Structures are given as C-alpha cells and as structure tokens.
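Below: the structure, in structure tokens.
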Amino acid sequence: MKSTELFKPGKIGNLTIPNRILMSPASVKAGNPDGSPSQRIIDYYEARAKGGVGMIIVQAVEVDYPAGIVYAPP
C-alpha cells in the first residue's frame, strides 16, 4: 500500500472509515470502580478521535457488573 492510501477512506463491510488508521485496544485502567467509563477515559478516547484515528477498538469493558468484572478493585 502506498503511504497516500493511509489517509483515504476504507470499508469494512457496509461501514466506511474516514481513513485507514486504526487504534488497537490497550488497557489504560481509567474506568470507574464499577466498570462504567470515567471522564478520564472518555477524554482519552475523544483526544485520539480528534487526532484523526479512523477507527478505535476500545479496551476490555464490563457489561454486567459485578459478574462481568475484568479487573479486581484495588
């Protein structure tokens, strides 16, 4: 792929992504103790989106607290 392709839109199925820059998941452990997103994690992902990342895959999340807890509270 030529470097100029990196900034062109891409498609995954019916989803169009504004560019081909993808942020893979990385645990920053900035959520609230109950698994809900904290303002810090919202700001973290918002900054990356504003920075031009075309697709962000978020870190592990808890979908059924406390049964789905990913990290034990400190």
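Ligands are numbered from 1 in the order shown, chains are lettered A, B, ... in the order of the structure tokens, and residues start at 1 in each chain.
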
Just list the residues in chain A DSSP gives strand (DSSP E or B) on the backbone, as a PyMOL selection string.
-> chain A and resi 10-12+15-17+22-23+55-56

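The set of residues in chain A assigned to helix (DSSP H, G or I) by DSSP, using only backbone atoms of this structure, is Ser3, Thr4, Glu5, Leu6, Phe7, Gln39, Arg40, Ile41, Ile42, Asp43, Tyr44, Tyr45, Glu46, Ala47, Arg48, Ala49 and Lys50 of chain A.
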
Keeping only C-alpha atoms, take the residues you just selected and write them out as an mmCIF file, in the first residue's frame.
```
data_model
loop_
_atom_site.group_PDB
_atom_site.id
_atom_site.type_symbol
_atom_site.label_atom_id
_atom_site.label_comp_id
_atom_site.auth_asym_id
_atom_site.auth_seq_id
_atom_site.Cartn_x
_atom_site.Cartn_y
_atom_site.Cartn_z
ATOM 1 C CA SER A 3 1.531 5.889 2.004
ATOM 2 C CA THR A 4 -1.088 8.081 0.293
ATOM 3 C CA GLU A 5 -3.598 5.215 0.721
ATOM 4 C CA LEU A 6 -3.352 5.546 4.508
ATOM 5 C CA PHE A 7 -5.451 8.700 4.529
ATOM 6 C CA GLN A 39 -14.449 11.205 32.444
ATOM 7 C CA ARG A 40 -10.727 10.444 32.160
ATOM 8 C CA ILE A 41 -11.312 7.508 29.759
ATOM 9 C CA ILE A 42 -13.886 9.491 27.766
ATOM 10 C CA ASP A 43 -11.339 12.292 27.365
ATOM 11 C CA TYR A 44 -8.645 9.746 26.413
ATOM 12 C CA TYR A 45 -10.651 8.272 23.526
ATOM 13 C CA GLU A 46 -12.016 11.662 22.466
ATOM 14 C CA ALA A 47 -8.468 13.035 22.116
ATOM 15 C CA ARG A 48 -7.479 10.133 19.864
ATOM 16 C CA ALA A 49 -10.581 10.543 17.723
ATOM 17 C CA LYS A 50 -9.930 14.277 17.341
#
```

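Atom to atom, CA of Ala60 (chain A) and CA of Lys8 (chain A) stand 28.6 Å apart.
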
Could you name the residues that touch region 23-26 of chain A at 8 Å or less, counting only C-alpha atoms, but leaving out those on the same chain fewer than 4 positions away, as a PyMOL selection string?
-> chain A and resi 53+55-60

With N, CA and C atoms retained, write the just-selected residues as a JSON list (two decimals), in the first residue's frame.
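The result, stored in result_28.json:
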```
[["chain", "number", "residue", "atom", "x", "y", "z"],
["A", 53, "VAL", "N", -7.63, 9.44, 14.29],
["A", 53, "VAL", "CA", -7.73, 7.98, 14.19],
["A", 53, "VAL", "C", -9.05, 7.62, 13.52],
["A", 55, "MET", "N", -10.47, 4.52, 13.22],
["A", 55, "MET", "CA", -11.23, 3.50, 13.93],
["A", 55, "MET", "C", -10.52, 3.20, 15.25],
["A", 56, "ILE", "N", -11.28, 3.18, 16.33],
["A", 56, "ILE", "CA", -10.73, 2.90, 17.65],
["A", 56, "ILE", "C", -11.41, 1.64, 18.18],
["A", 57, "ILE", "N", -10.58, 0.67, 18.58],
["A", 57, "ILE", "CA", -11.09, -0.52, 19.25],
["A", 57, "ILE", "C", -10.80, -0.29, 20.73],
["A", 58, "VAL", "N", -11.85, -0.20, 21.54],
["A", 58, "VAL", "CA", -11.68, 0.14, 22.96],
["A", 58, "VAL", "C", -11.19, -1.04, 23.77],
["A", 59, "GLN", "N", -10.70, -0.73, 24.96],
["A", 59, "GLN", "CA", -10.20, -1.75, 25.86],
["A", 59, "GLN", "C", -11.34, -2.61, 26.39],
["A", 60, "ALA", "N", -11.00, -3.64, 27.15],
["A", 60, "ALA", "CA", -11.99, -4.51, 27.76],
["A", 60, "ALA", "C", -12.94, -3.71, 28.63]]
```

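CA of Gly10 (chain A) to CA of Ser27 (chain A) spans 25.8 Å [interatomic distance, one decimal].
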
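Comparing the minimum interatomic distances between Asn19 (chain A) and each of A:Ser38, A:Asp64, A:Gly51, A:Gly31, counting only C-alpha atoms, we find that A:Gly51 sits nearest.
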
CA of Pro37 (chain A) and CA of Asn14 (chain A) are how many Å apart?
-> 28.1 Å
